[in-house]
>>> print(open('data-v3.txt').read())   # compact mmCIF, C-alpha atoms
# COMPACT_ATOMS: atom_id res chain seq x y z
CA MET A 30 19.34 -60.92 19.77
CA GLY A 31 16.78 -58.64 18.25
CA ALA A 32 17.83 -55.70 16.28
CA GLU A 33 18.49 -52.72 18.44
CA LYS A 34 16.12 -49.85 18.06
CA LYS A 35 17.65 -46.93 16.29
CA LYS A 36 17.31 -43.62 18.04
CA ILE A 37 15.91 -40.92 15.81
CA LYS A 38 17.86 -37.73 16.27
CA LEU A 39 15.70 -34.70 15.72
CA PRO A 40 17.13 -31.38 14.54
CA VAL A 41 18.10 -28.92 17.25
CA PHE A 42 15.25 -26.55 16.34
CA LEU A 43 12.71 -29.28 17.17
CA THR A 44 14.22 -30.44 20.47
CA LYS A 45 14.80 -27.15 22.29
CA PRO A 46 11.81 -24.97 23.24
CA ARG A 47 13.63 -21.75 22.38
CA TYR A 48 14.07 -22.92 18.80
CA ARG A 49 10.65 -24.57 18.51
CA SER A 50 8.90 -21.31 19.36
CA ARG A 51 10.91 -19.43 16.75
CA VAL A 52 10.26 -22.01 14.03
CA ALA A 53 6.54 -22.11 14.87
CA SER A 54 6.17 -18.31 14.75
CA PHE A 55 8.11 -17.84 11.51
CA SER A 56 6.37 -20.82 9.87
CA ILE A 57 2.90 -19.48 10.68
CA ILE A 58 3.71 -16.04 9.28
CA LEU A 59 5.39 -17.28 6.09
CA ALA A 60 2.73 -19.92 5.41
CA GLY A 61 -0.05 -17.41 6.00
CA TRP A 62 1.62 -14.86 3.70
CA LEU A 63 2.05 -17.43 0.91
CA ILE A 64 -1.53 -18.71 1.14
CA LEU A 65 -3.07 -15.25 1.27
CA GLU A 66 -0.95 -13.97 -1.64
CA ILE A 67 -2.09 -16.90 -3.77
CA MET A 68 -5.72 -16.30 -2.77
CA MET A 69 -5.47 -12.59 -3.62
CA HIS A 70 -3.88 -13.18 -7.01
CA THR A 71 -6.47 -15.83 -7.91
CA GLY A 72 -9.38 -13.66 -6.75
CA ASN A 73 -10.46 -16.05 -3.97
CA LEU A 74 -10.20 -13.50 -1.16
CA SER A 75 -13.05 -11.07 -0.63
CA SER A 76 -12.46 -7.33 -0.57
CA LEU A 77 -13.47 -7.23 3.11
CA PHE A 78 -10.72 -9.62 4.21
CA THR A 79 -8.23 -8.03 1.82
CA SER A 80 -8.81 -4.71 3.58
CA LEU A 81 -8.13 -6.36 6.96
CA LEU A 82 -4.72 -7.81 6.06
CA VAL A 83 -2.65 -4.71 6.85
CA PRO A 84 -4.51 -3.88 10.12
CA VAL A 85 -4.02 -7.48 11.29
CA CYS A 86 -0.27 -7.18 10.64
CA CYS A 87 -0.19 -3.91 12.59
CA TYR A 88 -2.01 -5.39 15.58
CA ILE A 89 0.29 -8.44 15.57
CA VAL A 90 3.42 -6.26 15.72
CA ALA A 91 1.96 -4.03 18.45
CA ALA A 92 0.86 -7.10 20.45
CA ILE A 93 4.31 -8.73 20.11
CA GLY A 94 5.87 -5.54 21.46
CA LEU A 95 3.37 -5.40 24.32
CA ASN A 96 4.06 -9.06 25.15
CA LEU A 97 7.73 -8.18 25.53
CA ASN A 98 6.71 -5.50 28.02
CA VAL A 99 4.00 -7.42 29.89
CA GLY A 100 5.03 -11.06 29.46
CA ILE A 101 8.83 -10.86 29.53
CA SER A 102 9.50 -7.73 31.58
CA GLY A 103 6.44 -8.15 33.81
CA GLU A 104 5.32 -4.50 33.58
CA LEU A 105 1.62 -3.82 32.97
CA ASN A 106 1.49 -1.23 30.19
CA LEU A 107 -1.92 0.27 29.34
CA GLY A 108 -0.56 2.87 26.94
CA GLN A 109 0.51 0.83 23.91
CA ALA A 110 -2.02 2.63 21.72
CA CYS A 111 -0.27 5.89 22.70
CA PHE A 112 2.93 4.74 20.98
CA MET A 113 0.96 3.52 17.97
CA SER A 114 -0.57 6.99 17.62
CA VAL A 115 2.84 8.67 17.82
CA GLY A 116 4.16 6.39 15.07
CA ALA A 117 1.04 6.75 12.95
CA PHE A 118 0.87 10.55 12.89
CA THR A 119 4.65 10.92 12.57
CA ALA A 120 4.56 8.66 9.51
CA VAL A 121 1.55 10.43 8.00
CA CYS A 122 3.18 13.87 8.39
CA LEU A 123 6.53 12.70 7.01
CA SER A 124 4.97 10.87 4.07
CA GLY A 125 2.79 13.86 3.21
CA SER A 126 5.74 16.27 3.31
CA MET A 127 7.89 13.95 1.13
CA ALA A 128 5.21 13.35 -1.50
CA GLY A 129 6.68 15.93 -3.89
CA SER A 130 10.36 15.07 -3.36
CA VAL A 131 10.29 11.25 -3.05
CA SER A 132 8.35 9.64 -5.87
CA SER A 133 8.79 5.99 -4.76
CA PRO A 134 5.92 4.92 -2.46
CA LEU A 135 8.01 2.03 -1.09
CA LEU A 136 10.88 4.32 -0.10
CA ARG A 137 8.46 6.76 1.53
CA LEU A 138 6.84 3.89 3.41
CA ILE A 139 10.19 2.64 4.71
CA LEU A 140 11.33 6.12 5.77
CA ALA A 141 7.96 6.83 7.40
CA MET A 142 8.01 3.55 9.34
CA VAL A 143 11.56 4.16 10.56
CA ALA A 144 10.61 7.71 11.60
CA GLY A 145 7.49 6.43 13.39
CA ALA A 146 9.50 3.77 15.24
CA VAL A 147 12.19 6.30 16.30
CA ALA A 148 9.60 8.86 17.44
CA ALA A 149 7.74 6.23 19.50
CA ALA A 150 11.02 4.99 21.01
CA PHE A 151 11.87 8.57 22.01
CA PHE A 152 8.49 9.00 23.71
CA GLY A 153 9.00 5.59 25.32
CA LEU A 154 12.28 6.86 26.79
CA ILE A 155 10.69 10.09 28.04
CA ILE A 156 7.67 8.30 29.53
CA GLY A 157 9.71 5.38 30.87
CA ILE A 158 11.96 7.53 33.06
CA PRO A 159 9.20 8.37 35.59
CA VAL A 160 6.92 5.40 34.88
CA LEU A 161 9.38 2.54 35.45
CA LYS A 162 10.16 3.78 38.94
CA LEU A 163 6.64 2.71 39.86
CA GLU A 164 5.31 -0.82 40.32
CA GLY A 165 2.06 -2.73 39.99
CA ASP A 166 -1.20 -0.85 39.56
CA TYR A 167 0.52 2.54 39.77
CA LEU A 168 2.52 1.83 36.63
CA ALA A 169 -0.61 0.78 34.75
CA ILE A 170 -2.46 3.93 35.81
CA VAL A 171 0.40 6.25 34.81
CA THR A 172 0.85 4.63 31.36
CA LEU A 173 -2.90 4.96 30.84
CA ALA A 174 -2.69 8.65 31.80
CA PHE A 175 0.19 9.26 29.40
CA GLY A 176 -1.84 7.63 26.64
CA GLN A 177 -4.70 10.04 27.24
CA ILE A 178 -2.30 13.01 27.32
CA ILE A 179 -0.73 12.10 23.96
CA LYS A 180 -4.17 11.59 22.40
CA SER A 181 -5.31 15.01 23.66
CA LEU A 182 -2.15 16.69 22.35
CA ILE A 183 -2.60 15.24 18.86
CA THR A 184 -6.29 16.15 18.89
CA ASN A 185 -5.38 19.82 19.38
CA MET A 186 -2.52 19.98 16.87
CA TYR A 187 -2.69 21.74 13.49
CA LEU A 188 0.21 21.14 11.12
CA GLY A 189 0.58 22.24 7.50
CA PHE A 190 3.30 22.05 4.87
CA ASP A 191 4.03 24.26 1.87
CA ALA A 192 6.99 25.63 -0.07
CA ALA A 193 8.10 27.65 2.98
CA GLY A 194 8.21 24.56 5.21
CA PHE A 195 6.10 23.41 8.17
CA HIS A 196 3.51 25.60 9.89
CA PHE A 197 2.29 24.65 13.36
CA SER A 198 -0.57 25.79 15.56
CA PHE A 199 -2.03 24.47 18.79
CA VAL A 200 -5.67 24.46 19.96
CA ASP A 201 -6.79 27.12 17.44
CA ASN A 202 -6.15 26.68 13.72
CA LYS A 203 -3.96 29.65 12.80
CA VAL A 204 -2.07 27.88 10.04
CA GLU A 205 -1.90 29.89 6.80
CA LEU A 206 -0.54 28.02 3.80
CA GLN A 207 0.72 29.22 0.47
CA PRO A 208 -1.05 28.05 -2.71
CA GLY A 209 -0.34 24.36 -3.19
CA GLY A 210 0.22 23.76 0.53
CA LYS A 211 -1.29 20.83 2.40
CA MET A 212 -2.72 20.38 5.88
CA LEU A 213 -1.11 17.33 7.45
CA LEU A 214 -2.90 17.45 10.81
CA ASN A 215 -6.23 19.16 11.27
CA GLY A 216 -7.04 18.98 14.97
CA PRO A 217 -9.88 16.61 15.93
CA MET A 218 -10.30 15.67 12.25
CA GLY A 219 -6.82 14.16 12.35
CA ALA A 220 -4.99 13.43 9.11
CA THR A 221 -7.04 13.61 5.93
CA GLY A 222 -6.16 13.05 2.30
CA THR A 223 -3.30 10.67 3.14
CA GLU A 224 -1.92 8.62 0.27
CA ARG A 225 -2.42 4.93 1.03
CA ILE A 226 0.99 3.30 0.51
CA SER A 227 0.90 0.47 3.08
CA THR A 228 1.02 -3.07 1.68
CA PHE A 229 0.42 -6.55 3.07
CA SER A 230 3.95 -7.65 2.14
CA ALA A 231 5.40 -4.71 4.10
CA GLY A 232 3.30 -5.81 7.07
CA VAL A 233 4.64 -9.36 6.87
CA VAL A 234 8.23 -8.10 6.68
CA LEU A 235 7.56 -5.90 9.73
CA ILE A 236 6.22 -8.90 11.66
CA LEU A 237 9.31 -10.95 10.78
CA ILE A 238 11.62 -8.12 11.87
CA SER A 239 9.72 -7.71 15.14
CA LEU A 240 9.97 -11.46 15.84
CA ILE A 241 13.71 -11.45 15.13
CA VAL A 242 14.23 -8.48 17.47
CA VAL A 243 12.09 -9.90 20.29
CA PHE A 244 13.45 -13.46 20.12
CA HIS A 245 17.02 -12.19 19.96
CA LEU A 246 16.39 -10.01 23.01
CA MET A 247 14.57 -12.76 24.93
CA TYR A 248 17.40 -15.29 24.64
CA SER A 249 20.27 -12.82 25.00
CA ARG A 250 22.08 -11.84 28.19
CA SER A 251 19.92 -8.71 28.44
CA GLY A 252 16.77 -10.81 28.05
CA ARG A 253 17.81 -13.13 30.87
CA ALA A 254 18.47 -10.08 33.04
CA ILE A 255 15.00 -8.72 32.21
CA MET A 256 13.36 -12.01 33.22
CA ALA A 257 15.48 -12.26 36.36
CA ALA A 258 14.36 -8.78 37.39
CA ARG A 259 10.76 -9.80 36.70
CA ASP A 260 10.94 -13.01 38.76
CA ASN A 261 12.83 -11.70 41.80
CA ARG A 262 13.86 -8.08 41.99
CA ILE A 263 15.93 -8.42 45.17
CA ALA A 264 17.85 -11.47 43.92
CA ALA A 265 18.53 -9.75 40.59
CA GLU A 266 19.88 -6.64 42.32
CA SER A 267 22.09 -8.81 44.57
CA VAL A 268 23.95 -10.21 41.53
CA GLY A 269 24.52 -6.79 40.00
CA ILE A 270 21.59 -6.46 37.56
CA GLU A 271 20.47 -2.86 37.08
CA ILE A 272 16.70 -3.18 37.32
CA PHE A 273 15.83 0.22 35.89
CA ARG A 274 18.08 -0.19 32.84
CA THR A 275 16.77 -3.67 31.97
CA LYS A 276 13.13 -2.59 32.27
CA MET A 277 13.83 0.55 30.25
CA LEU A 278 15.32 -1.56 27.45
CA ALA A 279 12.18 -3.71 27.20
CA PHE A 280 9.94 -0.64 27.41
CA ILE A 281 11.76 1.21 24.62
CA VAL A 282 11.82 -1.83 22.29
CA SER A 283 8.10 -2.37 22.95
CA SER A 284 7.26 1.26 22.17
CA CYS A 285 9.49 1.19 19.07
CA LEU A 286 7.61 -1.81 17.65
CA ALA A 287 4.28 -0.13 18.45
CA GLY A 288 5.44 3.01 16.63
CA ALA A 289 6.40 1.04 13.52
CA ALA A 290 3.03 -0.76 13.63
CA GLY A 291 1.23 2.57 14.00
CA ALA A 292 3.12 3.99 11.01
CA LEU A 293 2.03 1.10 8.81
CA TYR A 294 -1.52 1.45 10.14
CA GLY A 295 -1.69 5.21 9.57
CA LEU A 296 -0.53 4.94 5.96
CA ASN A 297 -3.20 2.33 5.23
CA TYR A 298 -6.08 4.83 5.50
CA SER A 299 -6.81 8.10 3.74
CA THR A 300 -8.32 9.49 6.95
CA LEU A 301 -7.07 8.86 10.47
CA VAL A 302 -8.46 10.42 13.66
CA PRO A 303 -6.67 10.52 17.05
CA ALA A 304 -9.70 8.93 18.73
CA LYS A 305 -8.80 5.65 17.03
CA PHE A 306 -5.90 5.19 19.47
CA ASP A 307 -7.82 5.44 22.71
CA PHE A 308 -7.94 3.37 25.89
CA ASN A 309 -10.03 0.68 24.19
CA THR A 310 -7.27 -0.03 21.65
CA SER A 311 -4.74 -0.52 24.45
CA ILE A 312 -7.11 -2.92 26.22
CA LEU A 313 -7.68 -4.87 23.00
CA LEU A 314 -3.92 -5.30 22.54
CA LEU A 315 -3.63 -6.47 26.14
CA VAL A 316 -6.43 -8.99 25.53
CA TYR A 317 -4.52 -10.39 22.53
CA VAL A 318 -1.42 -10.81 24.68
CA VAL A 319 -3.17 -12.40 27.66
CA LEU A 320 -5.22 -14.84 25.58
CA GLY A 321 -2.19 -15.79 23.49
CA GLY A 322 -0.11 -16.41 26.60
CA LEU A 323 2.32 -14.15 28.45
CA GLY A 324 5.75 -14.54 26.86
CA ASN A 325 4.33 -16.74 24.09
CA MET A 326 4.85 -14.97 20.75
CA THR A 327 3.28 -17.76 18.68
CA GLY A 328 0.16 -17.69 20.84
CA THR A 329 0.02 -13.91 20.55
CA ILE A 330 0.06 -14.13 16.75
CA ILE A 331 -2.73 -16.72 16.67
CA ALA A 332 -4.88 -14.91 19.27
CA THR A 333 -4.54 -11.59 17.44
CA VAL A 334 -5.53 -13.03 14.07
CA VAL A 335 -8.51 -14.90 15.51
CA LEU A 336 -9.82 -12.02 17.62
CA VAL A 337 -9.44 -9.41 14.88
CA LEU A 338 -11.15 -11.55 12.24
CA LEU A 339 -13.84 -13.09 14.45
CA PRO A 340 -16.16 -10.03 14.58
CA GLU A 341 -16.02 -9.81 10.78
CA LEU A 342 -16.74 -13.52 10.36
CA LEU A 343 -19.79 -13.12 12.60
CA ARG A 344 -21.02 -9.95 10.89
CA SER A 345 -23.84 -11.87 9.18
CA MET A 346 -25.20 -12.66 12.67
CA GLN A 347 -25.72 -8.97 13.45
CA ASP A 348 -27.87 -9.45 16.55
CA TYR A 349 -25.70 -12.07 18.22
CA ARG A 350 -22.15 -11.51 16.97
CA MET A 351 -20.90 -9.57 20.00
CA LEU A 352 -22.49 -12.12 22.32
CA ILE A 353 -20.71 -14.95 20.50
CA TYR A 354 -17.49 -12.94 20.52
CA ALA A 355 -17.73 -12.52 24.30
CA ILE A 356 -18.44 -16.24 24.79
CA VAL A 357 -15.43 -17.17 22.65
CA LEU A 358 -13.23 -14.85 24.73
CA ILE A 359 -14.41 -16.48 27.95
CA LEU A 360 -13.84 -20.00 26.57
CA ILE A 361 -10.34 -19.15 25.37
CA MET A 362 -9.51 -17.66 28.76
CA LEU A 363 -10.77 -20.76 30.56
CA LEU A 364 -8.88 -23.13 28.27
CA THR A 365 -5.57 -21.27 28.33
CA ASN A 366 -5.65 -20.94 32.13
CA ASN A 367 -6.87 -24.47 32.92
CA GLU A 368 -4.18 -26.33 34.89
CA THR A 369 -5.61 -29.76 34.02
CA ILE A 370 -5.46 -29.09 30.27
CA ARG A 371 -1.92 -27.74 30.55
CA THR A 372 -0.78 -30.79 32.57
CA TRP A 373 -2.43 -33.13 30.05
CA THR A 374 -0.73 -31.35 27.15
CA MET A 375 2.67 -31.55 28.85
CA ARG A 376 2.23 -35.29 29.47
CA ILE A 377 1.39 -35.96 25.83
CA THR A 378 4.39 -33.88 24.71
CA ARG A 379 6.78 -35.76 27.01
CA LYS A 380 5.36 -39.10 25.90
CA LEU A 381 5.78 -38.27 22.22
CA ARG A 382 9.32 -37.07 22.87
CA ARG A 383 10.25 -40.31 24.66
CA GLN A 384 8.81 -42.40 21.82
CA THR A 385 10.68 -40.36 19.25
CA ASN A 386 13.97 -40.81 21.13
CA GLY A 387 13.39 -44.57 21.28
>>> encode(input="data-v3.txt", output="structure tokens")
Amino acid sequence: MGAEKKKIKLPVFLTKPRYRSRVASFSIILAGWLILEIMMHTGNLSSLFTSLLVPVCCYIVAAIGLNLNVGISGELNLGQACFMSVGAFTAVCLSGSMAGSVSSPLLRLILAMVAGAVAAAFFGLIIGIPVLKLEGDYLAIVTLAFGQIIKSLITNMYLGFDAAGFHFSFVDNKVELQPGGKMLLNGPMGATGTERISTFSAGVVLILISLIVVFHLMYSRSGRAIMAARDNRIAAESVGIEIFRTKMLAFIVSSCLAGAAGALYGLNYSTLVPAKFDFNTSILLLVYVVLGGLGNMTGTIIATVVLVLLPELLRSMQDYRMLIYAIVLILIMLLTNNETIRTWTMRITRKLRRQTNG
């Protein structure tokens, strides 16, 4: 008798999809961080790409949060940039007011990011109460409207800080500061003179925290309830799932992550205008999510990195770069939504799994 074939037992994190997706996402982030840190310390990374590292991290976190809302909860949110703006300007104001009392930039960054996340979560709660009672296109339109309202409010805000505390004015600049005071928000000019304290390492840590939060929620009891409500609302209600509460949970977590991403983004620039967080930014984040795959966090990370860096890589082709960018978007959309390619990939995966198991 021939020797029996030994079955190779793979680790649990390689056999179950829920663990494979986690390992893939964390591995990509950690490997990318290690490679880029080495390249920066050896001088092999250009200043252009070095300046893009923090924004890429911010967009990844915001896109992961949006994927939780759109891919897992099934609610089309067109106001993710609204929550980024709330987090960004909250962080800028807090960091500017703490500059004299908190000398550590890292501590100020952490406090500002926490404040930005909490402020965005609060606005997510306020906006979610009326919005999540709507469905389909109506929800998308209302979130878009709220995004425009928040942007208009910030555009007309004037906020200063001096020894006497905060001074606020709306529409017209009536803020009068004592000597040594500082304007934190200056209407349409936004925040100017901000100390740049964001770092690439802080962005990587924020991505890892966002992945831990989202994966934990996805595979928890609450996450299963969210997906059940997405797939069949009537069946979910019949087994006692509170639809509004589950959708509100996903919406608040999504807005919280967007606020933290916005805080990191705002503290990466010395000047930040409210117009940066307009409708186009929300659409870009939605594009990252759709091209990466609804509910697929690893795909969202890859799509965000590629689509943020691609215009810069094509900058030398000034006359054709946006044309090439559009063609690449179309090709990615066709490939990711092609049933034949997906079936072929699943067959290869099953075949490799059978061979591995003997």
>>> closest_residue(input="data-v3.txt", among="A:Val90, A:Ile67, A:Ile101, A:Val121", to="A:Tyr248", atoms="all atoms listed in the file")
A:Ile101
>>> closest_residue(input="data-v3.txt", among="A:Leu63, A:Ile236, A:Leu293, A:Ala304", to="A:Ala141", atoms="only C-alpha atoms")
A:Leu293
>>> closest_atom_pairs(input="data-v3.txt", of="stretch 73-134 of chain A", to="stretch 146-152 of chain A", cutoff="8 Å", atoms="only C-alpha atoms", output="JSON lines")
{"residue": "A:Phe112", "atom": "CA", "partner": "A:Ala149", "partner_atom": "CA", "distance": 5.2}
{"residue": "A:Met113", "atom": "CA", "partner": "A:Ala149", "partner_atom": "CA", "distance": 7.5}
{"residue": "A:Val115", "atom": "CA", "partner": "A:Ala149", "partner_atom": "CA", "distance": 5.7}
{"residue": "A:Gly116", "atom": "CA", "partner": "A:Ala149", "partner_atom": "CA", "distance": 5.7}
{"residue": "A:Thr119", "atom": "CA", "partner": "A:Ala148", "partner_atom": "CA", "distance": 7.2}
>>> closest_residue(input="data-v3.txt", among="A:Ser283, A:Asn106, A:Thr79, A:Thr184", to="A:Asp166", atoms="all atoms listed in the file")
A:Asn106
>>> closest_residue(input="data-v3.txt", among="A:Ile93, A:Ala257, A:Leu154, A:Ile281", to="A:Val243", atoms="only C-alpha atoms")
A:Ile93
>>> atom_distance(input="data-v3.txt", atom1="atom CA of A:Val234", atom2="atom CA of A:Lys180")
28.1 Å
>>> closest_atom_pairs(input="data-v3.txt", of="stretch 66-175 of chain A", to="stretch 210-230 of chain A", cutoff="8 Å", atoms="all atoms listed in the file", output="JSON lines")
{"residue": "A:Leu82", "atom": "CA", "partner": "A:Phe229", "partner_atom": "CA", "distance": 6.1}
{"residue": "A:Val83", "atom": "CA", "partner": "A:Phe229", "partner_atom": "CA", "distance": 5.2}
{"residue": "A:Cys86", "atom": "CA", "partner": "A:Phe229", "partner_atom": "CA", "distance": 7.6}
{"residue": "A:Phe118", "atom": "CA", "partner": "A:Ala220", "partner_atom": "CA", "distance": 7.5}
{"residue": "A:Val121", "atom": "CA", "partner": "A:Thr223", "partner_atom": "CA", "distance": 6.9}
{"residue": "A:Cys122", "atom": "CA", "partner": "A:Leu213", "partner_atom": "CA", "distance": 5.6}
{"residue": "A:Gly125", "atom": "CA", "partner": "A:Leu213", "partner_atom": "CA", "distance": 6.7}
{"residue": "A:Pro134", "atom": "CA", "partner": "A:Ile226", "partner_atom": "CA", "distance": 6.0}
{"residue": "A:Leu135", "atom": "CA", "partner": "A:Ile226", "partner_atom": "CA", "distance": 7.3}
{"residue": "A:Leu138", "atom": "CA", "partner": "A:Ile226", "partner_atom": "CA", "distance": 6.6}
>>> residues_near_point(input="data-v3.txt", point="(-8.8, -19.5, 18.2)", cutoff="12 Å", atoms="only C-alpha atoms", output="JSON, numbers by chain")
{"A": [317, 320, 321, 328, 329, 330, 331, 332, 333, 334, 335, 336, 337, 338, 339, 354, 357, 358, 359, 360, 361, 362, 364, 365]}
>>> closest_residue(input="data-v3.txt", among="A:Thr172, A:Ser181, A:Asn96, A:Ser239", to="A:Cys285", atoms="all atoms listed in the file")
A:Ser239
>>> residues_near_point(input="data-v3.txt", point="(5.9, -17.3, 30.2)", cutoff="9 Å", atoms="all atoms listed in the file", output="ChimeraX atom specification")
/A:100-101,322-325
>>> atom_distance(input="data-v3.txt", atom1="atom CA of A:Ala117", atom2="atom CA of A:Pro84")
12.3 Å
>>> atom_distance(input="data-v3.txt", atom1="atom CA of A:Met277", atom2="atom CA of A:Gly153")
8.5 Å
>>> residues_around(input="data-v3.txt", residues="A:Lys276", least_positions_apart="6", cutoff="12 Å", atoms="only C-alpha atoms", output="PyMOL selection string")
chain A and resi 97-99+101-106+153-154+157-158+160-164+251-259+262+270+282-283
>>> closest_residue(input="data-v3.txt", among="A:Phe175, A:Phe280, A:Trp62, A:Phe78", to="A:Asp307", atoms="all atoms listed in the file")
A:Phe175
>>> decode(input="data-v3.txt", residues="stretch 285-308 of chain A", atoms="N, CA and C atoms", output="compact mmCIF listing (two decimals), in the first residue's frame")
# COMPACT_ATOMS: atom_id res chain seq x y z
N CYS A 285 -17.92 58.78 13.25
CA CYS A 285 -16.83 58.90 14.22
C CYS A 285 -15.48 58.68 13.55
N LEU A 286 -15.39 57.65 12.72
CA LEU A 286 -14.14 57.38 12.00
C LEU A 286 -13.82 58.51 11.02
N ALA A 287 -14.85 59.04 10.37
CA ALA A 287 -14.63 60.17 9.45
C ALA A 287 -14.13 61.39 10.20
N GLY A 288 -14.67 61.62 11.42
CA GLY A 288 -14.23 62.76 12.22
C GLY A 288 -12.77 62.63 12.63
N ALA A 289 -12.36 61.43 13.04
CA ALA A 289 -10.96 61.20 13.41
C ALA A 289 -10.05 61.40 12.20
N ALA A 290 -10.48 60.90 11.02
CA ALA A 290 -9.70 61.10 9.80
C ALA A 290 -9.60 62.57 9.45
N GLY A 291 -10.71 63.31 9.60
CA GLY A 291 -10.69 64.74 9.32
C GLY A 291 -9.77 65.49 10.26
N ALA A 292 -9.72 65.07 11.54
CA ALA A 292 -8.83 65.72 12.51
C ALA A 292 -7.37 65.55 12.11
N LEU A 293 -7.02 64.34 11.72
CA LEU A 293 -5.64 64.09 11.27
C LEU A 293 -5.33 64.89 10.01
N TYR A 294 -6.31 64.98 9.11
CA TYR A 294 -6.14 65.72 7.87
C TYR A 294 -5.98 67.21 8.13
N GLY A 295 -6.82 67.76 9.01
CA GLY A 295 -6.78 69.20 9.28
C GLY A 295 -5.48 69.65 9.91
N LEU A 296 -4.89 68.78 10.75
CA LEU A 296 -3.64 69.13 11.43
C LEU A 296 -2.40 68.80 10.60
N ASN A 297 -2.64 68.44 9.34
CA ASN A 297 -1.52 68.17 8.43
C ASN A 297 -1.22 69.38 7.54
N TYR A 298 -2.06 70.41 7.60
CA TYR A 298 -1.89 71.58 6.74
C TYR A 298 -1.93 72.85 7.59
N SER A 299 -1.15 73.83 7.20
CA SER A 299 -1.14 75.10 7.91
C SER A 299 -2.37 75.94 7.56
N THR A 300 -2.97 75.67 6.41
CA THR A 300 -4.19 76.38 5.99
C THR A 300 -5.23 75.37 5.53
N LEU A 301 -6.45 75.53 5.99
CA LEU A 301 -7.52 74.60 5.63
C LEU A 301 -8.80 75.39 5.41
N VAL A 302 -9.38 75.24 4.22
CA VAL A 302 -10.61 75.98 3.89
C VAL A 302 -11.80 75.01 3.91
N PRO A 303 -12.99 75.49 4.28
CA PRO A 303 -14.18 74.62 4.32
C PRO A 303 -14.53 74.03 2.96
N ALA A 304 -14.18 74.74 1.87
CA ALA A 304 -14.51 74.25 0.53
C ALA A 304 -13.83 72.94 0.19
N LYS A 305 -12.80 72.57 0.96
CA LYS A 305 -12.12 71.30 0.71
C LYS A 305 -13.05 70.12 0.92
N PHE A 306 -13.99 70.26 1.87
CA PHE A 306 -14.89 69.14 2.22
C PHE A 306 -16.25 69.36 1.56
N ASP A 307 -16.24 69.37 0.25
CA ASP A 307 -17.50 69.60 -0.47
C ASP A 307 -18.06 68.29 -0.99
N PHE A 308 -19.05 68.41 -1.86
CA PHE A 308 -19.73 67.23 -2.43
C PHE A 308 -18.76 66.33 -3.17
